[in-house]
Amino acid sequence: MPTEKIFIEGDFNGRIGRTDGGYDEVHGDFDFGERNGGGTLLLNFARAFDLVITNSSFQKREEHLVTYQSVVAKTQIDYLLLRKSDGGLYMDCKVISSENLVTHHRLLVIDLRIIRKMRKRVVWGRQRLGGES
C-alpha cells in the first residue's frame, strides 16, 4: 500500500453528468448537468489510472455541486480525483460558495481522515561515567 497520496484537482472544462455510461467504478452517481466530450475524457482518464472523482461520491444540493457560475451559466467543471484505494480517506467533498472569489469558480473542498501512526520511541538507559556501578 503506497504511503504517498495523490490529489488531482482542477478545472477540467468537462461535465461528467450522470452515470449512464458504464463508469460506475470512477463516478459516484451524483453530479450536476449533462456529460460532454470533456467529461468522457476525464472519466476515461480516471478509469485508466485507477482514480475516483470524489465530487460525484456525495449527494448534495445543487449549490454544493456547482463549481462554476456566471450570469448565463451554472455548471460543474472542477473536479477532485483520488486513488480508488484511498477511498476510506475522504469523508466529504463539496463546493463552498463565496462572494469573495474574483473568478466565477467556486471553492472546492474535501474533508480527509488522516491517521498518523505513532512510532515507538526507543529510550536507552543513561550511560554511567567513571567507575560507578
# chains A, B, ... in the order shown; residues from 1 in each chain; ligands from 1

call {"tool": "select_by_dssp", "arguments": {"residues": "chain A", "states": "strand (DSSP E or B)", "output": "mmCIF file with C-alpha atoms, in the first residue's frame"}}
result
data_model
loop_
_atom_site.group_PDB
_atom_site.id
_atom_site.type_symbol
_atom_site.label_atom_id
_atom_site.label_comp_id
_atom_site.auth_asym_id
_atom_site.auth_seq_id
_atom_site.Cartn_x
_atom_site.Cartn_y
_atom_site.Cartn_z
ATOM 1 C CA PHE A 7 -4.789 14.573 -5.158
ATOM 2 C CA ILE A 8 -5.605 15.898 -8.617
ATOM 3 C CA GLU A 9 -7.814 18.979 -8.672
ATOM 4 C CA GLY A 10 -8.559 21.373 -11.429
ATOM 5 C CA ASP A 11 -10.826 22.982 -13.965
ATOM 6 C CA HIS A 27 -18.174 8.004 -10.788
ATOM 7 C CA LEU A 51 -8.836 7.081 -9.696
ATOM 8 C CA VAL A 52 -12.238 8.120 -8.402
ATOM 9 C CA ILE A 53 -13.923 11.502 -8.875
ATOM 10 C CA TYR A 68 -18.688 27.475 -11.934
ATOM 11 C CA GLN A 69 -21.441 30.060 -12.018
ATOM 12 C CA LYS A 74 -24.217 27.215 -13.982
ATOM 13 C CA THR A 75 -22.153 24.024 -14.246
ATOM 14 C CA ASP A 78 -13.940 21.494 -11.407
ATOM 15 C CA TYR A 79 -13.188 18.055 -10.015
ATOM 16 C CA LEU A 80 -11.038 16.428 -7.375
ATOM 17 C CA LEU A 81 -9.626 12.957 -8.062
ATOM 18 C CA LEU A 82 -8.019 10.459 -5.659
ATOM 19 C CA ARG A 83 -6.852 6.870 -5.917
ATOM 20 C CA TYR A 90 -12.132 11.145 2.218
ATOM 21 C CA MET A 91 -15.287 11.816 4.202
ATOM 22 C CA ASP A 92 -16.897 14.644 2.233
ATOM 23 C CA CYS A 93 -16.354 16.816 -0.832
ATOM 24 C CA LYS A 94 -18.357 19.955 -1.529
ATOM 25 C CA VAL A 95 -18.371 23.412 -3.016
ATOM 26 C CA ILE A 96 -18.218 26.445 -0.753
ATOM 27 C CA HIS A 105 -15.235 29.479 -9.970
ATOM 28 C CA LEU A 107 -14.061 26.850 -3.876
ATOM 29 C CA LEU A 108 -14.000 23.034 -3.938
ATOM 30 C CA VAL A 109 -13.029 21.428 -0.610
ATOM 31 C CA ILE A 110 -12.542 17.906 0.665
ATOM 32 C CA ASP A 111 -12.675 16.587 4.223
ATOM 33 C CA LEU A 112 -9.997 13.981 4.855
#

call {"tool": "select_by_dssp", "arguments": {"residues": "region 63-111 of chain A", "states": "helix (DSSP H, G or I)", "output": "PyMOL selection string"}}
result
chain A and resi 63-64+84-86

call {"tool": "atom_distance", "arguments": {"atom1": "CA of Thr54 (chain A)", "atom2": "CA of Gly87 (chain A)"}}
result
8.9 Å

call {"tool": "atom_distance", "arguments": {"atom1": "CA of Leu89 (chain A)", "atom2": "CA of Arg113 (chain A)"}}
result
5.2 Å

call {"tool": "closest_residue", "arguments": {"among": "A:Phe32, A:Thr40, A:Asp50, A:Ser85", "to": "His64 (chain A)", "atoms": "only C-alpha atoms"}}
result
A:Phe32

call {"tool": "atom_distance", "arguments": {"atom1": "CA of Arg106 (chain A)", "atom2": "CA of Thr67 (chain A)"}}
result
5.0 Å

call {"tool": "closest_residue", "arguments": {"among": "A:Met118, A:Val26, A:Gly14, A:Ser97", "to": "Val66 (chain A)", "atoms": "only C-alpha atoms"}}
result
A:Ser97
